$ cat run_36.cif   # mmCIF, C-alpha atoms and all ligand atoms
data_coords
loop_
_atom_site.label_atom_id
_atom_site.label_comp_id
_atom_site.auth_asym_id
_atom_site.auth_seq_id
_atom_site.Cartn_x
_atom_site.Cartn_y
_atom_site.Cartn_z
CA MET A 93 58.66 133.11 230.64
CA SER A 94 56.08 130.59 229.52
CA GLU A 95 54.81 128.21 232.17
CA ILE A 96 54.83 124.46 231.74
CA HIS A 97 51.87 122.74 233.40
CA VAL A 98 52.21 118.99 233.87
CA LEU A 99 48.69 117.68 234.49
CA ASP A 100 49.58 114.97 236.91
CA HIS A 101 46.26 113.21 237.54
CA PRO A 102 45.64 109.50 238.19
CA LEU A 103 42.92 109.18 235.52
CA ILE A 104 45.10 110.87 232.90
CA ALA A 105 48.16 108.84 233.91
CA ASP A 106 46.27 105.53 233.67
CA LYS A 107 44.85 106.34 230.23
CA LEU A 108 48.24 107.52 228.96
CA THR A 109 49.84 104.25 230.08
CA ARG A 110 47.22 102.37 228.05
CA MET A 111 48.02 104.52 225.02
CA ARG A 112 51.72 103.72 225.33
CA ARG A 113 51.18 99.93 225.02
CA LYS A 114 52.22 98.93 221.53
CA ASP A 115 49.33 96.45 221.21
CA THR A 116 46.63 99.06 221.97
CA SER A 117 44.32 99.20 218.92
CA SER A 118 43.71 102.38 216.92
CA GLN A 119 40.13 102.37 218.15
CA ASP A 120 41.22 102.30 221.80
CA PHE A 121 44.02 104.79 221.13
CA ARG A 122 41.49 107.26 219.67
CA SER A 123 39.06 106.82 222.57
CA LEU A 124 41.78 107.27 225.17
CA LEU A 125 43.13 110.40 223.48
CA HIS A 126 39.62 111.81 223.36
CA GLU A 127 39.06 111.11 227.07
CA ILE A 128 42.42 112.58 228.09
CA SER A 129 41.79 115.71 226.00
CA LEU A 130 38.53 116.26 227.81
CA LEU A 131 40.22 115.86 231.19
CA MET A 132 43.12 118.12 230.21
CA GLY A 133 40.69 120.72 228.92
CA TYR A 134 39.50 121.26 232.45
CA GLU A 135 42.96 122.55 233.46
CA VAL A 136 43.84 124.28 230.20
CA THR A 137 40.78 126.50 230.64
CA ARG A 138 41.15 127.02 234.38
CA ASP A 139 42.28 130.67 234.12
CA PHE A 140 39.54 131.70 231.68
CA GLU A 141 38.01 134.87 233.06
CA THR A 142 34.43 135.11 234.23
CA THR A 143 32.08 137.98 234.76
CA THR A 144 28.63 137.92 236.32
CA THR A 145 25.13 137.97 234.96
CA THR A 146 21.75 138.33 236.62
CA VAL A 147 19.68 135.15 236.65
CA GLU A 148 16.24 134.47 238.03
CA THR A 149 16.21 131.00 239.54
CA PRO A 150 12.88 129.38 240.53
CA ILE A 151 13.61 130.78 244.01
CA CYS A 152 15.03 134.30 243.59
CA MET A 153 17.20 136.69 241.55
CA GLY A 154 20.96 136.36 241.82
CA GLU A 155 24.32 137.26 240.24
CA PHE A 156 26.16 134.28 238.78
CA PRO A 157 29.41 133.67 236.85
CA VAL A 158 29.57 133.33 233.08
CA LEU A 159 32.60 133.21 230.80
CA LYS A 160 33.81 136.74 230.05
CA GLU A 161 34.98 135.88 226.60
CA THR A 162 33.34 133.28 224.40
CA PHE A 163 35.42 133.38 221.22
CA PHE A 164 37.72 130.37 221.47
CA THR A 165 39.58 128.69 218.67
CA ILE A 166 40.97 125.17 218.84
CA VAL A 167 43.83 124.66 216.39
CA PRO A 168 44.87 121.05 215.79
CA ILE A 169 48.19 120.42 214.07
CA LEU A 170 47.36 117.85 211.38
CA ARG A 171 47.14 115.03 211.47
CA ALA A 172 47.38 113.80 215.04
CA GLY A 173 46.03 116.98 216.63
CA ILE A 174 42.61 116.08 215.23
CA GLY A 175 42.36 113.43 217.93
CA MET A 176 42.30 116.12 220.62
CA VAL A 177 39.63 118.39 219.13
CA ASP A 178 36.38 116.67 220.07
CA GLY A 179 37.26 116.43 223.77
CA LEU A 180 37.74 120.20 223.92
CA LEU A 181 34.62 120.83 221.84
CA GLU A 182 32.61 118.89 224.40
CA LEU A 183 33.74 121.46 226.98
CA MET A 184 33.44 124.47 224.64
CA PRO A 185 30.77 123.56 222.08
CA SER A 186 30.73 127.05 220.53
CA ALA A 187 34.50 127.09 219.90
CA HIS A 188 35.76 127.53 216.35
CA VAL A 189 38.32 125.19 214.83
CA GLY A 190 41.28 126.22 212.66
CA HIS A 191 43.69 123.77 211.05
CA ILE A 192 47.43 123.83 210.46
CA GLY A 193 48.92 121.00 208.41
CA LEU A 194 52.55 120.15 209.17
CA TYR A 195 54.61 117.04 208.75
CA ARG A 196 58.15 116.31 209.84
CA ASP A 197 60.71 115.61 207.17
CA GLU A 198 61.99 112.11 208.05
CA SER A 199 65.67 112.93 207.70
CA THR A 200 65.96 116.57 208.84
CA HIS A 201 63.04 116.39 211.36
CA GLN A 202 62.12 119.91 210.25
CA ALA A 203 58.40 120.69 210.12
CA ILE A 204 57.01 121.36 206.64
CA GLU A 205 53.74 123.25 206.36
CA TYR A 206 51.12 122.17 203.80
CA TYR A 207 47.87 123.70 205.09
CA TYR A 208 46.67 126.76 207.04
CA LYS A 209 43.02 127.67 207.48
CA MET A 210 41.61 129.76 210.33
CA PRO A 211 38.16 131.05 211.17
CA ASN A 212 37.47 134.74 210.48
CA GLY A 213 38.61 137.00 213.30
CA VAL A 214 40.85 134.34 214.85
CA GLU A 215 43.28 137.05 215.97
CA ARG A 216 40.65 138.25 218.48
CA SER A 217 40.12 134.80 219.97
CA THR A 218 41.74 132.77 222.71
CA ILE A 219 43.58 129.97 220.90
CA ILE A 220 44.42 126.47 222.09
CA VAL A 221 46.90 124.74 219.76
CA VAL A 222 46.66 120.96 220.16
CA ASP A 223 48.97 118.14 219.13
CA PRO A 224 49.59 114.91 221.08
CA MET A 225 53.37 114.98 220.58
CA LEU A 226 55.92 117.69 221.41
CA ALA A 227 59.19 116.08 220.30
CA THR A 228 61.79 118.52 218.89
CA GLY A 229 59.14 121.21 219.28
CA GLY A 230 59.60 122.31 215.67
CA SER A 231 56.01 121.62 214.57
CA ALA A 232 54.39 123.37 217.53
CA ALA A 233 56.77 126.35 217.46
CA ASP A 234 56.28 126.81 213.69
CA ALA A 235 52.49 126.55 214.04
CA ILE A 236 52.49 129.20 216.78
CA GLU A 237 54.79 131.42 214.72
CA ASP A 238 52.38 131.17 211.80
CA LEU A 239 49.45 132.17 214.01
CA LYS A 240 51.42 135.15 215.31
CA LYS A 241 52.26 136.22 211.74
CA HIS A 242 48.50 136.32 211.17
CA GLY A 243 48.02 138.65 214.15
CA CYS A 244 47.19 136.13 216.90
CA SER A 245 48.58 136.72 220.37
CA ASN A 246 46.50 134.89 222.98
CA ILE A 247 47.82 131.38 222.44
CA ARG A 248 48.30 128.33 224.64
CA LEU A 249 49.63 124.89 223.69
CA MET A 250 48.20 121.53 224.80
CA ASN A 251 50.17 118.33 224.20
CA LEU A 252 49.72 114.84 225.50
CA LEU A 253 53.39 113.92 225.74
CA ALA A 254 56.51 116.08 225.58
CA ALA A 255 60.26 115.61 225.45
CA PRO A 256 62.35 118.09 227.47
CA GLU A 257 63.92 119.22 224.18
CA GLY A 258 60.50 120.18 222.78
CA VAL A 259 59.46 122.11 225.88
CA LYS A 260 62.74 124.06 225.78
CA ALA A 261 62.42 124.83 222.06
CA VAL A 262 58.87 126.19 222.37
CA GLN A 263 59.71 128.19 225.49
CA GLU A 264 62.72 129.77 223.78
CA ARG A 265 60.80 130.71 220.63
CA HIS A 266 57.53 131.62 222.37
CA PRO A 267 58.09 132.78 225.94
CA ASP A 268 54.51 134.12 226.03
CA VAL A 269 52.88 130.73 225.37
CA ASP A 270 51.96 128.46 228.28
CA ILE A 271 52.30 124.72 227.66
CA TYR A 272 50.02 122.02 229.12
CA VAL A 273 51.13 118.37 228.98
CA ALA A 274 50.06 115.09 230.56
CA ALA A 275 53.68 113.95 230.97
CA ILE A 276 57.26 114.83 230.11
CA ASP A 277 59.29 111.81 229.00
CA GLU A 278 63.04 111.21 229.15
CA HIS A 279 64.57 112.26 225.85
CA LEU A 280 64.49 111.97 222.06
CA ASN A 281 66.13 109.11 220.19
CA LYS A 282 68.22 109.65 217.07
CA GLU A 283 65.09 109.58 214.88
CA ALA A 284 63.69 112.36 217.11
CA TYR A 285 61.02 110.08 218.60
CA ILE A 286 60.08 110.54 222.23
CA VAL A 287 61.52 107.87 224.58
CA PRO A 288 59.78 105.90 226.03
CA GLY A 289 56.91 107.68 224.27
CA LEU A 290 54.11 105.94 222.43
CA GLY A 291 55.43 105.79 218.86
CA ASP A 292 54.00 107.70 215.93
CA ALA A 293 50.81 109.30 217.18
CA GLY A 294 49.33 109.98 213.72
CA ASP A 295 49.89 106.42 212.52
CA ARG A 296 48.50 104.92 215.71
CA LEU A 297 45.48 107.22 215.67
CA PHE A 298 44.57 106.56 212.05
CA GLY A 299 45.97 103.02 211.61
CA THR A 300 48.27 104.07 208.79
CA LYS A 301 51.16 101.74 209.71
C1 LIG B 401 53.99 114.32 214.70
C2 LIG B 401 53.19 114.94 215.82
C3 LIG B 401 53.67 116.37 215.80
C4 LIG B 401 55.12 116.24 215.40
C5 LIG B 401 55.97 116.41 216.63
O1 LIG B 401 53.43 114.63 213.48
O2 LIG B 401 51.81 114.80 215.69
O3 LIG B 401 52.96 117.20 214.90
O4 LIG B 401 55.27 114.92 214.86
O5 LIG B 401 57.29 116.43 216.31
P1 LIG B 401 58.22 117.69 216.51
O6 LIG B 401 57.93 118.24 217.85
O7 LIG B 401 59.60 117.11 216.40
O8 LIG B 401 57.95 118.66 215.40
P2 LIG B 401 54.03 114.08 212.10
O9 LIG B 401 55.05 115.02 211.57
O10 LIG B 401 54.47 112.66 212.28
O11 LIG B 401 52.79 114.16 211.11
P3 LIG B 401 51.41 113.36 211.14
O12 LIG B 401 50.63 113.83 212.33
O13 LIG B 401 50.78 113.75 209.85
O14 LIG B 401 51.72 111.90 211.21
N1 LIG B 402 55.98 112.40 216.46
C1 LIG B 402 55.34 111.32 216.97
O1 LIG B 402 54.23 110.98 216.54
N2 LIG B 402 55.95 110.63 217.94
C2 LIG B 402 57.13 110.97 218.44
O2 LIG B 402 57.64 110.28 219.36
C3 LIG B 402 57.79 112.09 217.90
C4 LIG B 402 57.18 112.80 216.92
#

$ encode --input "run_36.cif" --output "C-alpha cells"
Amino acid sequence: MSEIHVLDHPLIADKLTRMRRKDTSSQDFRSLLHEISLLMGYEVTRDFETTTTTVETPICMGEFPVLKETFFTIVPILRAGIGMVDGLLELMPSAHVGHIGLYRDESTHQAIEYYYKMPNGVERSTIIVVDPMLATGGSAADAIEDLKKHGCSNIRLMNLLAAPEGVKAVQERHPDVDIYVAAIDEHLNKEAYIVPGLGDAGDRLFGTK
C-alpha cells in the first residue's frame, strides 16, 4: 500500500497559512509555493539511495556518500504544478523536467489531458510528480497512469494540499506510489474544491482570475 507522508513542519505550516489567505498576492503566493516546495523536497528525497566514492580532502583520503542514482525527473501537472518545479530543481539541479497538461472539466470534474512531453529515457528515472492540489485525485491518478503506460514505474507524488478523497483515490489506483503532502484538509465541496483549502491554485499562481 502506498504511504502518505504529511510533512508537518512549522516553517511549512506557516507558509501554507499565508498561501490560504484570500488577499495574498500572486507574487507572494508564487514565492511561498517555491519556498515550501524546496522544504518539502528535503523529505521527498529522504530515501534516495547513496553509495560511496573516494575523495581526497586537503587532509587525507576518505570514502564519502554520493547519490547512487542521478537520473531524476520532475513532472509538473500543468498549470499549477509549474510553481513547484524550481524549488526541487534547486535541490536537484541536474534533474530533467517532463510536463503533463491536464485540466478539470468544470461540471464533471474529470481530468482532461491536453499535453504530454517527457525527457528521453524517463522510464529509467526516479520521477516526482508535482501539483499543489490533490482534490478528487483524478488529475494526479490520470497523470501517473499515463506515465505507467509509457513504461515508468518509480514514481512518487508531491502535493501541497490534499483532500482525504484525493488521497484515497490515488492510493486505490496506484498502491505503489507514495504521496507527500504539507497538509490534508477536511473535505471537498460540491464544486470539488478543497475545504478550507486555498482556492484555485492555478488562478492564484498566475493571476488569471
Ligand atoms: C487543479 C490542480 C490540479 C487539479 C486537482 O488544476 O492544479 O491539477 O485541479 O483536482 P483533482 O484532484 O480533482 O483532479 P486545474 O484543473 O484547475 O487546472 P489549472 O492548473 O490549469 O488551473
Ligand atoms: N483545484 C484547485 O486549484 N483547488 C481546489 O481546491 C481543487 C482543485

$ residues_near_ligand --input "run_36.cif" --ligand "ligand LIG 402 (chain B)" --cutoff "8 Å" --atoms "all atoms listed in the file" --output "list in words"
Ala172, Arg196, Pro224, Met225, Leu226, Ala227, Thr228, Leu280, Ala284, Tyr285, Ile286, Val287, Gly289, Leu290, Gly291, Asp292, Ala293, Gly294 and Asp295 of chain A

$ residues_near_ligand --input "run_36.cif" --ligand "ligand LIG 401 (chain B)" --cutoff "10 Å" --atoms "all atoms listed in the file" --output "CSV table (one decimal) with C-alpha atoms, keeping the file's coordinate frame"
chain,number,residue,atom,x,y,z
A,168,PRO,CA,44.9,121.0,215.8
A,169,ILE,CA,48.2,120.4,214.1
A,170,LEU,CA,47.4,117.8,211.4
A,171,ARG,CA,47.1,115.0,211.5
A,172,ALA,CA,47.4,113.8,215.0
A,173,GLY,CA,46.0,117.0,216.6
A,174,ILE,CA,42.6,116.1,215.2
A,175,GLY,CA,42.4,113.4,217.9
A,192,ILE,CA,47.4,123.8,210.5
A,193,GLY,CA,48.9,121.0,208.4
A,194,LEU,CA,52.6,120.2,209.2
A,195,TYR,CA,54.6,117.0,208.8
A,196,ARG,CA,58.2,116.3,209.8
A,197,ASP,CA,60.7,115.6,207.2
A,198,GLU,CA,62.0,112.1,208.0
A,200,THR,CA,66.0,116.6,208.8
A,201,HIS,CA,63.0,116.4,211.4
A,202,GLN,CA,62.1,119.9,210.2
A,203,ALA,CA,58.4,120.7,210.1
A,204,ILE,CA,57.0,121.4,206.6
A,205,GLU,CA,53.7,123.2,206.4
A,222,VAL,CA,46.7,121.0,220.2
A,223,ASP,CA,49.0,118.1,219.1
A,224,PRO,CA,49.6,114.9,221.1
A,225,MET,CA,53.4,115.0,220.6
A,226,LEU,CA,55.9,117.7,221.4
A,227,ALA,CA,59.2,116.1,220.3
A,228,THR,CA,61.8,118.5,218.9
A,229,GLY,CA,59.1,121.2,219.3
A,230,GLY,CA,59.6,122.3,215.7
A,231,SER,CA,56.0,121.6,214.6
A,232,ALA,CA,54.4,123.4,217.5
A,233,ALA,CA,56.8,126.4,217.5
A,234,ASP,CA,56.3,126.8,213.7
A,235,ALA,CA,52.5,126.6,214.0
A,251,ASN,CA,50.2,118.3,224.2
A,253,LEU,CA,53.4,113.9,225.7
A,254,ALA,CA,56.5,116.1,225.6
A,255,ALA,CA,60.3,115.6,225.4
A,257,GLU,CA,63.9,119.2,224.2
A,258,GLY,CA,60.5,120.2,222.8
A,259,VAL,CA,59.5,122.1,225.9
A,261,ALA,CA,62.4,124.8,222.1
A,262,VAL,CA,58.9,126.2,222.4
A,280,LEU,CA,64.5,112.0,222.1
A,283,GLU,CA,65.1,109.6,214.9
A,284,ALA,CA,63.7,112.4,217.1
A,285,TYR,CA,61.0,110.1,218.6
A,286,ILE,CA,60.1,110.5,222.2
A,291,GLY,CA,55.4,105.8,218.9
A,292,ASP,CA,54.0,107.7,215.9
A,293,ALA,CA,50.8,109.3,217.2
A,294,GLY,CA,49.3,110.0,213.7
A,295,ASP,CA,49.9,106.4,212.5
A,296,ARG,CA,48.5,104.9,215.7
A,297,LEU,CA,45.5,107.2,215.7
A,298,PHE,CA,44.6,106.6,212.0
A,300,THR,CA,48.3,104.1,208.8

$ residues_around --input "run_36.cif" --residues "Met210 of chain A" --least-positions-apart "4" --cutoff "7 Å" --atoms "all atoms listed in the file" --output "ChimeraX atom specification"
/A:190-191,214

$ residues_near_point --input "run_36.cif" --point "(44.8, 123.5, 223.7)" --cutoff "9 Å" --atoms "only C-alpha atoms" --output "VMD selection string"
chain A and resid 129 132 to 133 136 to 137 165 to 168 176 to 177 180 219 to 223 247 to 251 271 to 272

$ closest_atom_pairs --input "run_36.cif" --of "segment 158-260 of chain A" --to "segment 141-144 of chain A" --cutoff "12 Å" --atoms "all atoms listed in the file" --output "tab-separated table"
residue	atom	partner	partner_atom	distance
A:Val158	CA	A:Thr142	CA	5.3
A:Leu159	CA	A:Thr142	CA	4.3
A:Lys160	CA	A:Thr142	CA	4.5
A:Glu161	CA	A:Glu141	CA	7.2
A:Thr162	CA	A:Glu141	CA	10.0
A:Thr218	CA	A:Glu141	CA	11.2

$ residues_near_point --input "run_36.cif" --point "(41.0, 104.7, 215.1)" --cutoff "9 Å" --atoms "only C-alpha atoms" --output "PyMOL selection string"
chain A and resi 117-123+296-299

$ atom_distance --input "run_36.cif" --atom1 "atom CA of Leu239 of chain A" --atom2 "atom CA of Ala187 of chain A"
16.9 Å

$ atom_distance --input "run_36.cif" --atom1 "atom CA of Arg138 of chain A" --atom2 "atom CA of Ile104 of chain A"
16.7 Å

$ atom_distance --input "run_36.cif" --atom1 "atom CA of Ile276 of chain A" --atom2 "atom CA of Val98 of chain A"
7.5 Å

$ axis_aligned_box --input "run_36.cif" --around "segment 93-108 of chain A" --padding-each-side "6 Å" --output "JSON"
{"center_x": 50.8, "center_y": 119.3, "center_z": 233.6, "size_x": 27.7, "size_y": 39.6, "size_z": 21.2}

$ closest_residue --input "run_36.cif" --among "A:Val147, A:Val269, A:Leu181, A:Leu124" --to "Ala105 of chain A" --atoms "all atoms listed in the file"
A:Leu124

$ decode --input "run_36.cif" --residues "segment 248-270 of chain A" --atoms "N, CA, C and O atoms" --output "compact mmCIF listing (two decimals), in the first residue's frame"
# COMPACT_ATOMS: atom_id res chain seq x y z
N ARG A 248 6.79 8.94 -7.43
CA ARG A 248 6.23 9.45 -6.17
C ARG A 248 5.47 10.73 -6.48
O ARG A 248 5.75 11.39 -7.50
N LEU A 249 4.54 11.09 -5.59
CA LEU A 249 3.67 12.24 -5.83
C LEU A 249 3.85 13.26 -4.72
O LEU A 249 3.81 12.90 -3.54
N MET A 250 4.04 14.53 -5.10
CA MET A 250 4.20 15.60 -4.09
C MET A 250 3.14 16.67 -4.32
O MET A 250 3.09 17.27 -5.39
N ASN A 251 2.27 16.84 -3.31
CA ASN A 251 1.23 17.87 -3.37
C ASN A 251 1.38 18.80 -2.18
O ASN A 251 1.87 18.39 -1.12
N LEU A 252 0.91 20.01 -2.35
CA LEU A 252 0.89 20.92 -1.22
C LEU A 252 -0.27 20.54 -0.28
O LEU A 252 -0.07 20.28 0.90
N LEU A 253 -1.45 20.50 -0.85
CA LEU A 253 -2.66 20.32 -0.06
C LEU A 253 -3.50 19.19 -0.66
O LEU A 253 -3.66 19.13 -1.87
N ALA A 254 -4.03 18.33 0.23
CA ALA A 254 -4.86 17.22 -0.26
C ALA A 254 -6.19 17.19 0.47
O ALA A 254 -6.33 17.67 1.59
N ALA A 255 -7.18 16.62 -0.21
CA ALA A 255 -8.44 16.25 0.45
C ALA A 255 -8.37 14.75 0.71
O ALA A 255 -7.74 14.02 -0.07
N PRO A 256 -9.03 14.27 1.75
CA PRO A 256 -8.99 12.82 2.02
C PRO A 256 -9.46 12.01 0.81
O PRO A 256 -8.92 10.93 0.52
N GLU A 257 -10.43 12.56 0.07
CA GLU A 257 -10.96 11.86 -1.11
C GLU A 257 -9.87 11.65 -2.16
O GLU A 257 -9.81 10.61 -2.82
N GLY A 258 -9.01 12.66 -2.32
CA GLY A 258 -7.94 12.58 -3.33
C GLY A 258 -6.88 11.57 -2.93
O GLY A 258 -6.37 10.81 -3.78
N VAL A 259 -6.54 11.56 -1.66
CA VAL A 259 -5.53 10.60 -1.17
C VAL A 259 -6.04 9.18 -1.42
O VAL A 259 -5.33 8.32 -1.95
N LYS A 260 -7.32 8.96 -1.07
CA LYS A 260 -7.91 7.61 -1.22
C LYS A 260 -7.92 7.20 -2.69
O LYS A 260 -7.56 6.06 -3.04
N ALA A 261 -8.30 8.13 -3.56
CA ALA A 261 -8.40 7.79 -4.99
C ALA A 261 -7.04 7.40 -5.55
O ALA A 261 -6.92 6.41 -6.29
N VAL A 262 -6.00 8.16 -5.21
CA VAL A 262 -4.66 7.84 -5.74
C VAL A 262 -4.17 6.52 -5.14
O VAL A 262 -3.61 5.67 -5.85
N GLN A 263 -4.40 6.33 -3.86
CA GLN A 263 -3.93 5.09 -3.23
C GLN A 263 -4.62 3.86 -3.83
O GLN A 263 -4.00 2.82 -3.99
N GLU A 264 -5.91 4.02 -4.16
CA GLU A 264 -6.63 2.87 -4.74
C GLU A 264 -6.12 2.56 -6.14
O GLU A 264 -5.92 1.39 -6.49
N ARG A 265 -5.88 3.63 -6.93
CA ARG A 265 -5.46 3.38 -8.32
C ARG A 265 -3.96 3.10 -8.43
O ARG A 265 -3.52 2.45 -9.38
N HIS A 266 -3.19 3.61 -7.47
CA HIS A 266 -1.72 3.45 -7.56
C HIS A 266 -1.12 3.09 -6.19
O HIS A 266 -0.47 3.91 -5.55
N PRO A 267 -1.36 1.86 -5.75
CA PRO A 267 -0.88 1.47 -4.43
C PRO A 267 0.64 1.46 -4.30
O PRO A 267 1.16 1.37 -3.19
N ASP A 268 1.35 1.59 -5.42
CA ASP A 268 2.82 1.59 -5.39
C ASP A 268 3.39 3.01 -5.29
O ASP A 268 4.62 3.16 -5.22
N VAL A 269 2.54 4.02 -5.29
CA VAL A 269 3.04 5.40 -5.34
C VAL A 269 2.90 6.08 -3.97
O VAL A 269 1.78 6.23 -3.46
N ASP A 270 4.01 6.48 -3.39
CA ASP A 270 3.95 7.21 -2.12
C ASP A 270 3.56 8.67 -2.37
O ASP A 270 3.94 9.26 -3.38
